[in-house]
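Text of model_39.txt, listed as compact mmCIF, C-alpha atoms:
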```txt
# COMPACT_ATOMS: atom_id res chain seq x y z
CA MET J 1483 -41.40 15.22 -38.09
CA PRO J 1484 -39.66 12.10 -36.72
CA GLN J 1485 -36.49 12.80 -34.78
CA LYS J 1486 -33.18 12.18 -36.50
CA VAL J 1487 -29.75 11.62 -35.02
CA ILE J 1488 -27.04 13.56 -36.81
CA LEU J 1489 -23.37 12.79 -36.32
CA THR J 1490 -20.69 15.08 -37.67
CA ILE J 1491 -17.36 13.33 -38.02
CA GLY J 1492 -14.30 15.49 -38.64
CA THR J 1493 -11.49 13.48 -40.18
CA LYS J 1494 -8.09 13.94 -41.72
CA LYS J 1495 -9.74 13.80 -45.15
CA GLY J 1496 -12.79 15.97 -44.63
CA LEU J 1497 -16.13 16.03 -42.83
CA PHE J 1498 -18.55 13.12 -42.86
CA VAL J 1499 -22.18 13.31 -41.76
CA ALA J 1500 -24.02 10.21 -40.53
CA GLN J 1501 -27.77 10.13 -40.02
CA SER J 1502 -30.07 7.71 -38.28
CA SER J 1503 -33.58 7.49 -36.97
CA LYS J 1504 -34.04 7.82 -33.21
CA SER J 1505 -33.68 4.06 -32.90
CA ARG J 1506 -29.98 4.56 -33.73
CA GLY J 1507 -30.01 1.30 -35.66
CA LYS J 1508 -28.45 2.00 -39.05
CA PHE J 1509 -26.55 5.19 -39.82
CA ASP J 1510 -26.32 6.45 -43.40
CA LEU J 1511 -23.05 8.17 -44.22
CA ARG J 1512 -22.41 11.07 -46.57
CA GLY J 1513 -19.23 12.94 -47.41
CA PRO J 1514 -16.45 13.69 -47.25
CA PHE J 1515 -17.13 17.40 -47.52
CA GLY J 1516 -14.14 19.68 -47.89
CA GLN J 1517 -12.54 16.70 -49.59
CA GLY J 1518 -9.05 15.85 -48.50
CA ILE J 1519 -8.87 18.68 -45.98
CA PRO J 1520 -8.60 17.97 -42.22
CA VAL J 1521 -11.50 18.92 -39.97
CA TYR J 1522 -10.88 19.41 -36.25
CA ALA J 1523 -14.09 21.18 -35.23
CA SER J 1524 -17.75 20.79 -36.12
CA LEU J 1525 -21.06 21.88 -34.68
CA VAL J 1526 -24.70 20.98 -35.22
CA ASP J 1527 -26.41 24.23 -34.27
CA THR J 1528 -29.98 23.47 -33.22
CA ARG J 1529 -30.99 26.93 -31.96
CA GLY J 1530 -32.87 28.11 -35.03
CA LYS J 1531 -35.92 26.84 -36.86
CA LYS J 1532 -33.68 24.65 -38.99
CA PRO J 1533 -30.44 23.04 -37.80
CA VAL J 1534 -27.25 24.37 -39.29
CA ILE J 1535 -24.04 22.37 -39.45
CA TYR J 1536 -20.67 24.12 -39.29
CA ALA J 1537 -17.17 22.73 -39.69
CA GLY J 1538 -13.69 24.17 -39.75
CA SER J 1539 -11.80 23.02 -42.83
CA CYS J 1540 -8.07 23.30 -42.24
CA ASN J 1541 -6.70 23.67 -45.77
CA PRO J 1542 -2.91 23.41 -45.71
CA PHE J 1543 -2.65 25.00 -49.14
CA PHE J 1544 -5.20 27.80 -49.16
CA GLY J 1545 -5.88 28.54 -45.47
CA MET J 1546 -8.76 27.97 -43.10
CA LYS J 1547 -12.37 27.83 -44.28
CA VAL J 1548 -15.63 27.52 -42.40
CA LEU J 1549 -18.11 25.17 -44.05
CA ARG J 1550 -21.84 25.57 -43.49
CA SER J 1551 -24.79 23.34 -44.35
CA ASN J 1552 -28.44 24.31 -44.18
CA ASP J 1553 -29.74 20.93 -45.33
CA LEU J 1554 -28.51 18.62 -42.56
CA GLY J 1555 -25.24 17.95 -44.24
CA LYS J 1556 -26.38 17.03 -47.71
CA THR J 1557 -24.44 19.97 -49.14
CA PHE J 1558 -21.91 22.41 -47.71
CA ALA J 1559 -20.66 25.79 -48.84
CA GLU J 1560 -17.92 28.04 -47.50
CA THR J 1561 -19.00 30.99 -45.39
CA LYS J 1562 -17.88 34.38 -46.66
CA SER J 1563 -14.86 34.38 -44.39
CA ALA J 1564 -13.04 32.48 -41.68
CA PRO J 1565 -11.59 33.91 -38.48
CA ALA J 1566 -8.52 36.02 -39.21
CA PHE J 1567 -6.18 38.03 -37.05
CA PRO J 1568 -5.89 41.75 -37.74
CA LYS J 1569 -3.07 42.39 -40.17
CA GLU J 1570 -1.05 44.34 -37.63
CA ASP J 1571 -1.38 41.55 -35.03
CA GLY J 1572 1.41 39.47 -36.52
CA ARG J 1573 -0.28 36.11 -35.91
CA ALA J 1574 -1.77 33.95 -38.64
CA LEU J 1575 -4.62 31.49 -38.23
CA ALA J 1576 -3.39 27.91 -38.29
CA ASN J 1577 -6.50 25.93 -37.36
CA ILE J 1578 -9.99 26.01 -35.89
CA TRP J 1579 -10.23 23.75 -32.84
CA SER J 1580 -13.70 24.49 -31.51
CA LEU J 1581 -17.00 25.85 -32.73
CA GLU J 1582 -19.70 26.60 -30.16
CA PRO J 1583 -23.03 28.43 -30.12
CA ASP J 1584 -23.22 31.46 -27.85
CA GLY J 1585 -26.39 33.26 -26.85
CA ASP J 1586 -29.29 33.27 -29.25
CA ALA J 1587 -27.38 33.37 -32.50
CA ASP J 1588 -23.64 33.99 -32.13
CA LEU J 1589 -20.89 31.53 -32.89
CA LEU J 1590 -17.60 31.29 -31.06
CA ALA J 1591 -14.49 29.75 -32.61
CA GLY J 1592 -11.46 28.68 -30.63
CA VAL J 1593 -8.43 28.69 -32.86
CA GLU J 1594 -4.71 28.06 -33.18
CA PRO J 1595 -2.67 30.02 -32.19
CA ALA J 1596 -4.83 30.11 -29.09
CA SER J 1597 -7.39 32.87 -29.54
CA LEU J 1598 -11.13 33.30 -29.60
CA PHE J 1599 -13.31 34.72 -32.37
CA ARG J 1600 -17.00 35.62 -32.49
CA SER J 1601 -19.38 35.64 -35.44
CA ARG J 1602 -22.72 37.39 -35.25
CA ASP J 1603 -23.88 36.39 -38.74
CA GLY J 1604 -23.61 32.63 -38.95
CA GLY J 1605 -19.94 32.49 -39.78
CA ASP J 1606 -19.79 35.03 -42.61
CA SER J 1607 -17.72 37.53 -40.63
CA TRP J 1608 -15.63 37.20 -37.48
CA GLU J 1609 -14.22 39.50 -34.83
CA MET J 1610 -11.43 38.65 -32.43
CA VAL J 1611 -12.38 38.49 -28.73
CA PRO J 1612 -9.60 40.60 -27.25
CA GLY J 1613 -9.95 39.66 -23.57
CA ILE J 1614 -8.33 36.28 -24.18
CA SER J 1615 -6.75 36.70 -27.61
CA ASN J 1616 -4.69 39.66 -26.41
CA HIS J 1617 -4.29 38.41 -22.84
CA GLU J 1618 -0.90 39.20 -21.36
CA HIS J 1619 -0.12 35.46 -21.38
CA ALA J 1620 -1.16 34.89 -24.99
CA ARG J 1621 2.29 35.33 -26.48
CA LYS J 1622 3.83 33.16 -23.77
CA TRP J 1623 1.69 30.04 -24.10
CA GLN J 1624 3.52 27.11 -25.64
CA PRO J 1625 2.05 24.59 -28.07
CA GLY J 1626 1.36 21.01 -27.07
CA ALA J 1627 1.77 18.20 -29.56
CA GLY J 1628 -1.45 19.17 -31.27
CA GLY J 1629 -0.53 22.83 -31.59
CA LEU J 1630 -1.27 25.89 -29.48
CA CYS J 1631 -5.00 25.50 -29.45
CA LEU J 1632 -8.01 27.00 -27.73
CA HIS J 1633 -10.07 23.83 -27.77
CA THR J 1634 -12.84 24.23 -25.20
CA ILE J 1635 -15.46 26.97 -24.90
CA LEU J 1636 -17.97 26.46 -22.10
CA ARG J 1637 -20.45 29.10 -20.99
CA ASP J 1638 -22.42 29.20 -17.76
CA GLY J 1639 -24.16 32.55 -17.59
CA GLU J 1640 -21.55 35.22 -17.07
CA HIS J 1641 -18.90 32.55 -16.53
CA LEU J 1642 -17.05 31.65 -19.70
CA HIS J 1643 -14.54 28.83 -19.38
CA LEU J 1644 -11.81 28.31 -21.96
CA GLY J 1645 -9.43 25.38 -22.31
CA ILE J 1646 -6.04 26.12 -23.85
CA SER J 1647 -3.27 23.67 -24.51
CA THR J 1648 -0.90 24.62 -23.17
CA GLY J 1649 -2.28 27.58 -21.28
CA GLY J 1650 -4.68 25.87 -18.93
CA HIS J 1651 -8.15 26.87 -17.82
CA TYR J 1652 -9.02 30.54 -18.26
CA LEU J 1653 -12.13 31.96 -16.65
CA SER J 1654 -14.16 35.04 -17.42
CA GLU J 1655 -16.71 36.15 -14.85
CA ASP J 1656 -17.92 39.13 -16.86
CA GLY J 1657 -19.40 37.30 -19.80
CA GLY J 1658 -16.21 37.08 -21.82
CA LYS J 1659 -14.77 40.57 -21.59
CA THR J 1660 -11.83 39.78 -19.33
CA PHE J 1661 -10.16 36.49 -18.45
CA ALA J 1662 -7.84 35.19 -15.76
CA PRO J 1663 -6.05 31.85 -15.41
CA SER J 1664 -7.89 29.66 -12.90
CA ASN J 1665 -5.87 26.51 -12.38
CA LYS J 1666 -5.51 26.05 -8.62
CA GLY J 1667 -5.24 22.30 -8.21
CA ILE J 1668 -4.55 21.49 -11.88
CA GLY J 1669 -1.10 19.97 -12.10
CA VAL J 1670 1.57 19.61 -14.73
CA GLY J 1671 4.21 16.93 -15.11
CA PHE J 1672 6.46 18.78 -17.50
CA ALA J 1673 7.72 21.62 -15.32
CA PRO J 1674 9.49 21.80 -11.95
CA ASP J 1675 6.53 23.59 -10.38
CA ALA J 1676 3.74 21.03 -10.28
CA TYR J 1677 1.02 23.62 -9.85
CA PRO J 1678 1.84 26.77 -11.82
CA GLU J 1679 -0.59 29.65 -12.14
CA TRP J 1680 -0.99 28.88 -15.84
CA GLY J 1681 0.60 26.80 -18.58
CA GLN J 1682 -1.28 23.54 -17.93
CA CYS J 1683 -1.90 21.13 -20.78
CA VAL J 1684 -5.65 20.90 -20.29
CA HIS J 1685 -7.10 18.43 -22.79
CA LYS J 1686 -10.84 18.99 -22.42
CA ILE J 1687 -13.32 20.63 -20.04
CA ALA J 1688 -16.93 19.52 -19.54
CA GLY J 1689 -19.85 20.68 -17.46
CA HIS J 1690 -23.59 20.32 -17.06
CA PRO J 1691 -26.20 23.09 -17.11
CA ASP J 1692 -28.04 21.67 -14.08
CA VAL J 1693 -25.00 22.16 -11.82
CA PRO J 1694 -23.37 25.27 -13.20
CA GLY J 1695 -20.54 25.56 -10.70
CA ARG J 1696 -19.26 22.05 -11.33
CA LEU J 1697 -16.71 21.32 -14.02
CA TYR J 1698 -14.62 18.34 -14.99
CA ILE J 1699 -11.27 18.38 -16.78
CA GLN J 1700 -9.33 15.70 -18.57
CA ASN J 1701 -5.87 17.10 -18.05
CA HIS J 1702 -2.53 15.87 -19.36
CA GLY J 1703 -1.78 13.21 -16.80
CA GLY J 1704 0.28 10.07 -16.99
CA PHE J 1705 3.23 11.27 -14.91
CA PRO J 1706 4.37 8.63 -12.38
CA ASP J 1707 5.88 11.25 -10.09
CA ARG J 1708 2.70 13.30 -10.07
CA PRO J 1709 -0.10 10.77 -9.95
CA GLY J 1710 -3.71 11.76 -10.25
CA ILE J 1711 -3.34 15.14 -11.90
CA GLY J 1712 -4.99 13.91 -15.09
CA VAL J 1713 -8.67 13.99 -14.15
CA VAL J 1714 -9.90 16.79 -11.91
CA ARG J 1715 -13.13 18.41 -10.77
CA SER J 1716 -14.20 21.83 -9.58
CA ASP J 1717 -17.28 22.72 -7.55
CA ASP J 1718 -16.73 26.47 -7.45
CA HIS J 1719 -16.95 27.59 -11.06
CA GLY J 1720 -13.39 26.56 -11.75
CA HIS J 1721 -11.64 28.51 -9.03
CA THR J 1722 -10.22 25.39 -7.38
CA TRP J 1723 -9.81 21.82 -8.58
CA ARG J 1724 -9.25 18.41 -7.00
CA SER J 1725 -8.25 15.04 -8.40
CA ILE J 1726 -10.89 12.46 -9.22
CA ALA J 1727 -8.52 10.11 -11.01
CA GLY J 1728 -8.45 7.43 -8.30
CA GLY J 1729 -9.61 4.09 -9.66
CA LEU J 1730 -8.78 4.73 -13.30
CA PRO J 1731 -6.20 2.53 -15.05
CA SER J 1732 -4.48 5.68 -16.35
CA ASP J 1733 -5.08 9.35 -15.72
CA PHE J 1734 -3.96 10.19 -19.25
CA GLY J 1735 -6.63 10.71 -21.88
CA PHE J 1736 -8.15 13.33 -24.11
CA PRO J 1737 -11.98 13.58 -24.02
CA ILE J 1738 -14.28 13.93 -21.04
CA VAL J 1739 -18.07 13.86 -21.44
CA VAL J 1740 -20.98 14.40 -19.03
CA HIS J 1741 -24.28 12.52 -19.19
CA PRO J 1742 -27.01 14.80 -20.60
CA HIS J 1743 -29.42 14.18 -17.71
CA ASP J 1744 -27.13 13.39 -14.79
CA PRO J 1745 -24.29 15.74 -13.87
CA ASP J 1746 -22.79 13.06 -11.62
CA THR J 1747 -22.22 10.69 -14.54
CA ILE J 1748 -19.07 11.30 -16.53
CA TYR J 1749 -17.06 9.38 -19.10
CA VAL J 1750 -13.36 9.25 -19.95
CA VAL J 1751 -11.18 7.11 -22.20
CA PRO J 1752 -7.98 6.31 -20.30
CA LEU J 1753 -4.92 5.86 -22.49
CA GLU J 1754 -1.38 4.72 -21.81
CA PRO J 1755 0.68 7.88 -21.61
CA ALA J 1756 3.60 6.51 -23.64
CA THR J 1757 1.61 5.22 -26.60
CA ARG J 1758 -1.58 7.21 -26.10
CA THR J 1759 -3.52 4.06 -26.85
CA CYS J 1760 -5.82 1.81 -24.81
CA PRO J 1761 -4.02 0.21 -21.88
CA GLY J 1762 -2.92 -3.30 -22.80
CA GLY J 1763 -4.57 -3.03 -26.22
CA LYS J 1764 -7.94 -3.56 -24.53
CA PRO J 1765 -10.36 -0.71 -25.36
CA ALA J 1766 -12.64 0.60 -22.64
CA VAL J 1767 -14.57 3.70 -21.75
CA TRP J 1768 -14.71 4.39 -18.01
CA ARG J 1769 -17.77 5.81 -16.33
CA SER J 1770 -18.28 7.39 -12.95
CA GLU J 1771 -21.81 7.75 -11.62
CA ASN J 1772 -20.80 9.72 -8.55
CA GLY J 1773 -18.91 12.64 -9.99
CA GLY J 1774 -15.56 10.91 -10.05
CA GLY J 1775 -15.75 9.20 -6.66
CA SER J 1776 -15.40 5.78 -8.29
CA TRP J 1777 -15.14 4.42 -11.82
CA LYS J 1778 -16.49 1.46 -13.75
CA LYS J 1779 -15.01 -0.06 -16.88
CA LEU J 1780 -17.35 -0.25 -19.90
CA ALA J 1781 -16.04 -2.65 -22.53
CA LYS J 1782 -18.95 -4.81 -23.69
CA GLY J 1783 -18.75 -5.09 -27.46
CA PHE J 1784 -15.17 -3.91 -27.85
CA PRO J 1785 -12.38 -6.20 -29.07
CA LYS J 1786 -10.79 -7.90 -26.07
CA GLU J 1787 -7.18 -7.62 -27.23
CA GLU J 1788 -4.73 -6.32 -29.83
CA THR J 1789 -6.65 -3.08 -30.28
CA PHE J 1790 -4.76 0.15 -29.85
CA PHE J 1791 -7.32 2.91 -30.16
CA THR J 1792 -6.49 6.57 -29.68
CA VAL J 1793 -9.48 8.85 -29.05
CA LEU J 1794 -8.69 12.54 -29.38
CA ARG J 1795 -10.04 15.41 -27.28
CA ASP J 1796 -13.06 16.22 -29.42
CA ALA J 1797 -13.74 12.76 -30.73
CA MET J 1798 -16.33 11.68 -28.14
CA ASP J 1799 -19.85 12.96 -27.59
CA ILE J 1800 -23.18 11.80 -26.14
CA ASP J 1801 -26.67 12.25 -27.50
CA SER J 1802 -29.59 13.70 -25.56
CA PHE J 1803 -32.03 10.77 -25.42
CA LYS J 1804 -33.31 9.57 -22.04
CA SER J 1805 -31.13 6.52 -22.47
CA PRO J 1806 -28.29 8.21 -24.30
CA ALA J 1807 -25.67 6.73 -26.58
CA LEU J 1808 -22.04 7.71 -26.54
CA TYR J 1809 -20.11 8.02 -29.77
CA PHE J 1810 -16.38 8.12 -30.30
CA GLY J 1811 -14.02 8.05 -33.24
CA THR J 1812 -10.47 6.76 -33.32
CA THR J 1813 -7.35 7.86 -35.09
CA THR J 1814 -7.50 4.54 -36.89
CA GLY J 1815 -10.86 5.44 -38.39
CA GLN J 1816 -13.43 3.47 -36.40
CA LEU J 1817 -16.63 5.14 -35.25
CA TRP J 1818 -18.15 3.44 -32.18
CA MET J 1819 -21.53 3.86 -30.50
CA GLY J 1820 -22.24 2.86 -26.90
CA LYS J 1821 -25.95 2.53 -26.25
CA ASP J 1822 -27.52 2.61 -22.79
CA GLY J 1823 -25.00 5.12 -21.58
CA GLY J 1824 -22.05 3.09 -22.81
CA GLU J 1825 -23.18 -0.32 -21.57
CA LYS J 1826 -23.06 -1.94 -25.01
CA TRP J 1827 -20.75 -0.90 -27.83
CA SER J 1828 -20.99 -1.47 -31.56
CA CYS J 1829 -18.87 -0.21 -34.44
CA LEU J 1830 -20.85 2.00 -36.82
CA PHE J 1831 -18.07 2.53 -39.35
CA GLU J 1832 -14.88 0.51 -39.45
CA ALA J 1833 -12.61 2.32 -41.85
CA LEU J 1834 -13.06 6.06 -42.03
CA PRO J 1835 -10.02 8.31 -42.29
CA PRO J 1836 -8.36 9.18 -38.96
CA ILE J 1837 -11.01 10.87 -36.80
CA ASN J 1838 -10.37 14.16 -35.00
CA ASN J 1839 -13.85 15.20 -34.02
CA VAL J 1840 -17.29 13.70 -33.37
CA LYS J 1841 -20.41 15.68 -32.52
CA VAL J 1842 -23.97 14.46 -32.18
CA ALA J 1843 -27.34 16.18 -32.18
CA VAL J 1844 -30.93 15.01 -32.12
CA VAL J 1845 -32.95 17.12 -34.57
CA MET Q 1254 3.92 46.21 -66.25
CA SER Q 1255 0.94 44.29 -67.45
CA ILE Q 1256 1.22 40.71 -66.26
CA THR Q 1257 -1.19 37.80 -65.82
CA PHE Q 1258 -1.93 35.52 -62.88
CA HIS Q 1259 -2.67 31.97 -63.99
CA LEU Q 1260 -4.73 30.19 -61.33
CA PRO Q 1261 -5.14 26.50 -60.54
CA THR Q 1262 -8.61 25.02 -60.87
CA ALA Q 1263 -9.12 24.94 -57.11
CA LEU Q 1264 -8.85 28.72 -56.87
CA ARG Q 1265 -11.04 29.72 -59.80
CA ARG Q 1266 -14.14 29.75 -57.63
CA TYR Q 1267 -12.63 32.82 -55.99
CA SER Q 1268 -11.99 34.61 -59.32
CA GLY Q 1269 -15.42 34.32 -60.82
CA GLY Q 1270 -14.35 31.22 -62.71
CA LEU Q 1271 -11.46 32.94 -64.48
CA ALA Q 1272 -8.22 31.03 -64.99
CA ASP Q 1273 -6.27 34.15 -65.93
CA LEU Q 1274 -6.35 37.50 -64.19
CA PRO Q 1275 -4.54 40.55 -65.61
CA VAL Q 1276 -2.73 42.76 -63.09
CA SER Q 1277 -0.43 45.73 -63.39
CA ALA Q 1278 2.64 45.37 -61.15
CA ALA Q 1279 6.43 45.70 -61.22
CA THR Q 1280 7.28 42.84 -58.81
CA VAL Q 1281 5.70 39.62 -57.55
CA ARG Q 1282 5.04 41.30 -54.21
CA ALA Q 1283 3.30 44.23 -55.89
CA ALA Q 1284 1.25 41.83 -57.98
CA LEU Q 1285 0.00 40.08 -54.84
CA LEU Q 1286 -0.84 43.42 -53.24
CA GLU Q 1287 -2.84 44.33 -56.31
CA LEU Q 1288 -4.78 41.10 -55.86
CA GLU Q 1289 -5.41 41.99 -52.22
CA LYS Q 1290 -7.20 45.13 -53.41
CA SER Q 1291 -9.02 43.75 -56.43
CA GLN Q 1292 -9.67 40.12 -55.41
CA PRO Q 1293 -9.59 39.93 -51.59
CA ALA Q 1294 -11.20 36.50 -51.34
CA LEU Q 1295 -8.69 35.09 -53.79
CA TYR Q 1296 -5.84 36.86 -52.02
CA ARG Q 1297 -6.75 35.23 -48.68
CA ASN Q 1298 -6.15 31.87 -50.32
CA LEU Q 1299 -2.68 32.91 -51.40
CA CYS Q 1300 -1.43 34.85 -48.38
CA ASP Q 1301 -2.12 34.71 -44.65
CA GLU Q 1302 -3.07 37.65 -42.43
CA THR Q 1303 0.55 38.74 -42.09
CA GLY Q 1304 0.92 38.98 -45.86
CA ALA Q 1305 3.15 35.90 -46.06
CA LEU Q 1306 2.65 33.63 -49.04
CA ARG Q 1307 1.06 30.41 -47.82
CA ARG Q 1308 3.67 27.76 -47.11
CA HIS Q 1309 2.49 25.11 -49.55
CA LEU Q 1310 2.00 27.38 -52.55
CA ASN Q 1311 4.53 27.91 -55.31
CA VAL Q 1312 4.69 30.95 -57.56
CA PHE Q 1313 6.34 30.67 -60.93
CA VAL Q 1314 7.38 33.66 -63.03
CA ASN Q 1315 6.91 32.21 -66.49
CA SER Q 1316 8.75 28.91 -66.04
CA ASP Q 1317 11.02 29.94 -63.14
CA HIS Q 1318 10.12 29.37 -59.50
CA MET Q 1319 10.29 32.78 -57.84
CA ARG Q 1320 12.68 31.43 -55.22
CA ASP Q 1321 15.23 30.89 -58.00
CA ARG Q 1322 14.90 34.53 -58.99
CA SER Q 1323 14.51 37.14 -56.25
CA GLY Q 1324 11.50 35.74 -54.42
CA LEU Q 1325 8.74 38.24 -53.84
CA ASP Q 1326 11.05 41.00 -55.10
CA THR Q 1327 11.44 39.38 -58.52
CA PRO Q 1328 10.99 42.13 -61.11
CA LEU Q 1329 8.32 41.59 -63.70
CA SER Q 1330 8.18 42.50 -67.37
CA ASP Q 1331 5.26 43.16 -69.65
CA GLY Q 1332 3.59 39.92 -70.62
CA ASP Q 1333 4.98 37.83 -67.76
CA VAL Q 1334 2.74 35.06 -66.45
CA LEU Q 1335 2.62 34.31 -62.71
CA THR Q 1336 1.47 30.74 -62.28
CA ILE Q 1337 0.18 29.70 -58.83
CA LEU Q 1338 0.50 26.00 -58.07
CA ALA Q 1339 -0.03 23.98 -54.91
CA ALA Q 1340 3.03 22.07 -53.73
CA VAL Q 1341 3.18 18.31 -53.92
CA SER Q 1342 2.49 17.24 -50.36
CA GLY Q 1343 0.08 15.28 -48.23
CA GLY Q 1344 -0.49 11.72 -47.20
```
Mind turning the file's structure into structure tokens?
Amino acid sequence: MPQKVILTIGTKKGLFVAQSSKSRGKFDLRGPFGQGIPVYASLVDTRGKKPVIYAGSCNPFFGMKVLRSNDLGKTFAETKSAPAFPKEDGRALANIWSLEPDGDADLLAGVEPASLFRSRDGGDSWEMVPGISNHEHARKWQPGAGGLCLHTILRDGEHLHLGISTGGHYLSEDGGKTFAPSNKGIGVGFAPDAYPEWGQCVHKIAGHPDVPGRLYIQNHGGFPDRPGIGVVRSDDHGHTWRSIAGGLPSDFGFPIVVHPHDPDTIYVVPLEPATRTCPGGKPAVWRSENGGGSWKKLAKGFPKEETFFTVLRDAMDIDSFKSPALYFGTTTGQLWMGKDGGEKWSCLFEALPPINNVKVAVV
Amino acid sequence: MSITFHLPTALRRYSGGLADLPVSAATVRAALLELEKSQPALYRNLCDETGALRRHLNVFVNSDHMRDRSGLDTPLSDGDVLTILAAVSGG
């Protein structure tokens, strides 16, 4: 069967699915699914014989739902349940911020308030992962502007990395049973201590399976008195971190993405810290091809002025073709594709609802 | 007391398509707890894990908002209708 490119686009008004042939010429759009309800997390799960699409539907009236599609996003239905805290816990689920595959068939959901849940049956039932959800810091973490969210789940064998805003980077080295904060070298600009043990406003964490010990973080930067804390790298499974922000126009941003075939090539979208929009109203994605040693501006195809995009933490992804395309969505509803690893940009959709989340899979 | 929940269209998928559900309860709180036992999927749409009524839902006892009576402790009488409605909000 010919390969298809599937984009899931989580917006303020529901989930959209866009589909293209491998040429990535024209994308057909369907949706919104979960009409009118914000979506912050989606996943195209390609592990089984048939891809399954999942999305968290954050219903402000009736509570969180998990949507599931077995037909590549032509139809969706609610799973039997969504993650839920035990009644005696005292916390109530406010949002789902990340959905990731784990192992052969499990799903992990990072939620707000920051906690982790596991499903072993495709999202029909969920159990809380106590090692992080009941961590001694869990009741002390403070919400960032987006809420107290567990937004990144990244597994490398027995290492399980979690990104919490604001909690920082938490690392498990026993497969996810126990966790410890691991933020040495990750700074903050909103507390007297620039390098606390935990409490960082980590925005996104990315890695590459070919170099399992290396990780990249887009952190909450943009503090003149603490320059360079916004983009950092670890080469020891997240035990220590160092700045790689030199050469960027701003170290504030939300997403960070690694090239599917080159762990040295990474992408960020620098934003002005005050407005959280493109510096000078001139959109650009910045790429490093040496693991953050230097950066190059990629802006071919973008408007050259008067364009104030905001790209949120989960609103950028990259496909898996040999010459991959990047995709990002903006809070003003544009969906952009950057072919040839971001060398040439074109707008796929100009006026979707505000975009929270973009995921891509080749199926 | 035999009372009736009247559900909005959006919630009827969780009640087998029924708009009206009979329940036996003496207060609004007891009526919701009865739903938790008999209609757990529906209940999860009305209340969060802590048992709190979801923030953007309104419960009317006949034509009175429960907040203008005694909230969840509002006593119920035979034949009362509890109408669940989503608040006007959004943008």
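By only C-alpha atoms, and with residues fewer than 3 positions from region 1504-1518 of chain J along its chain excluded, the set lying at most 8 Å from it is Pro1484, Gln1485, Lys1486, Val1487, Lys1494, Lys1495, Gly1496, Leu1497, Phe1498, Val1499, Ala1500, Gln1501, Ser1539, Leu1549, Gly1555, Lys1556, Thr1557, Phe1558, Leu1830 and Val1844 of chain J.
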Problem set entry | Pick from Q:Thr1303, Q:Asn1311, Q:Thr1327, Q:Ser1291 nearest to Gly1572 (chain J), counting all atoms listed in the file | Q:Thr1303
Report as CSV: every residue of chain J with an atom at most 12 Å from chain Q, its closest pair of atoms, and their distance in Å to one decimal, counting all atoms listed in the file, with rows sorted by chain and ascending residue number.
```
residue,atom,partner,partner_atom,distance
J:Lys1494,CA,Q:Gly1344,CA,9.6
J:Lys1495,CA,Q:Gly1344,CA,9.7
J:Gly1516,CA,Q:Ala1263,CA,11.7
J:Gln1517,CA,Q:Ala1263,CA,11.7
J:Gly1518,CA,Q:Gly1343,CA,9.2
J:Ile1519,CA,Q:Gly1343,CA,9.8
J:Pro1520,CA,Q:Gly1343,CA,10.9
J:Cys1540,CA,Q:Asn1298,CA,11.9
J:Asn1541,CA,Q:Asn1298,CA,9.4
J:Pro1542,CA,Q:His1309,CA,6.8
J:Phe1543,CA,Q:His1309,CA,5.2
J:Phe1544,CA,Q:Asn1298,CA,4.3
J:Gly1545,CA,Q:Asn1298,CA,5.9
J:Met1546,CA,Q:Asn1298,CA,8.6
J:Lys1547,CA,Q:Asn1298,CA,9.6
J:Ala1559,CA,Q:Arg1266,CA,11.6
J:Glu1560,CA,Q:Arg1266,CA,10.9
J:Thr1561,CA,Q:Ala1294,CA,11.3
J:Lys1562,CA,Q:Ala1294,CA,8.4
J:Ser1563,CA,Q:Ala1294,CA,8.1
J:Ala1564,CA,Q:Arg1297,CA,9.8
J:Pro1565,CA,Q:Glu1302,CA,10.1
J:Ala1566,CA,Q:Glu1302,CA,6.5
J:Phe1567,CA,Q:Glu1302,CA,6.2
J:Pro1568,CA,Q:Glu1302,CA,6.8
J:Lys1569,CA,Q:Glu1302,CA,5.3
J:Glu1570,CA,Q:Thr1303,CA,7.3
J:Asp1571,CA,Q:Thr1303,CA,7.8
J:Gly1572,CA,Q:Thr1303,CA,5.7
J:Arg1573,CA,Q:Thr1303,CA,6.8
J:Ala1574,CA,Q:Glu1302,CA,5.5
J:Leu1575,CA,Q:Asp1301,CA,7.6
J:Ala1576,CA,Q:Asp1301,CA,9.4
J:Pro1835,CA,Q:Gly1344,CA,11.2
J:Pro1836,CA,Q:Gly1344,CA,11.7
```
For this session: Name the closest residue to Leu1590 (chain J) among the candidates J:Leu1554, J:Gly1538, J:Cys1829, J:Glu1640; distances are taken between atoms, counting all atoms listed in the file.
Result: J:Gly1538
Exercise. Region 1642-1655 of chain J: which residues within 8 Å, counting all atoms listed in the file, same-chain residues fewer than 3 positions away excluded, as an MDAnalysis selection string?
Worked result: chainID J and resid 1596 1623:1626 1629:1639 1658:1665 1680:1687 1720
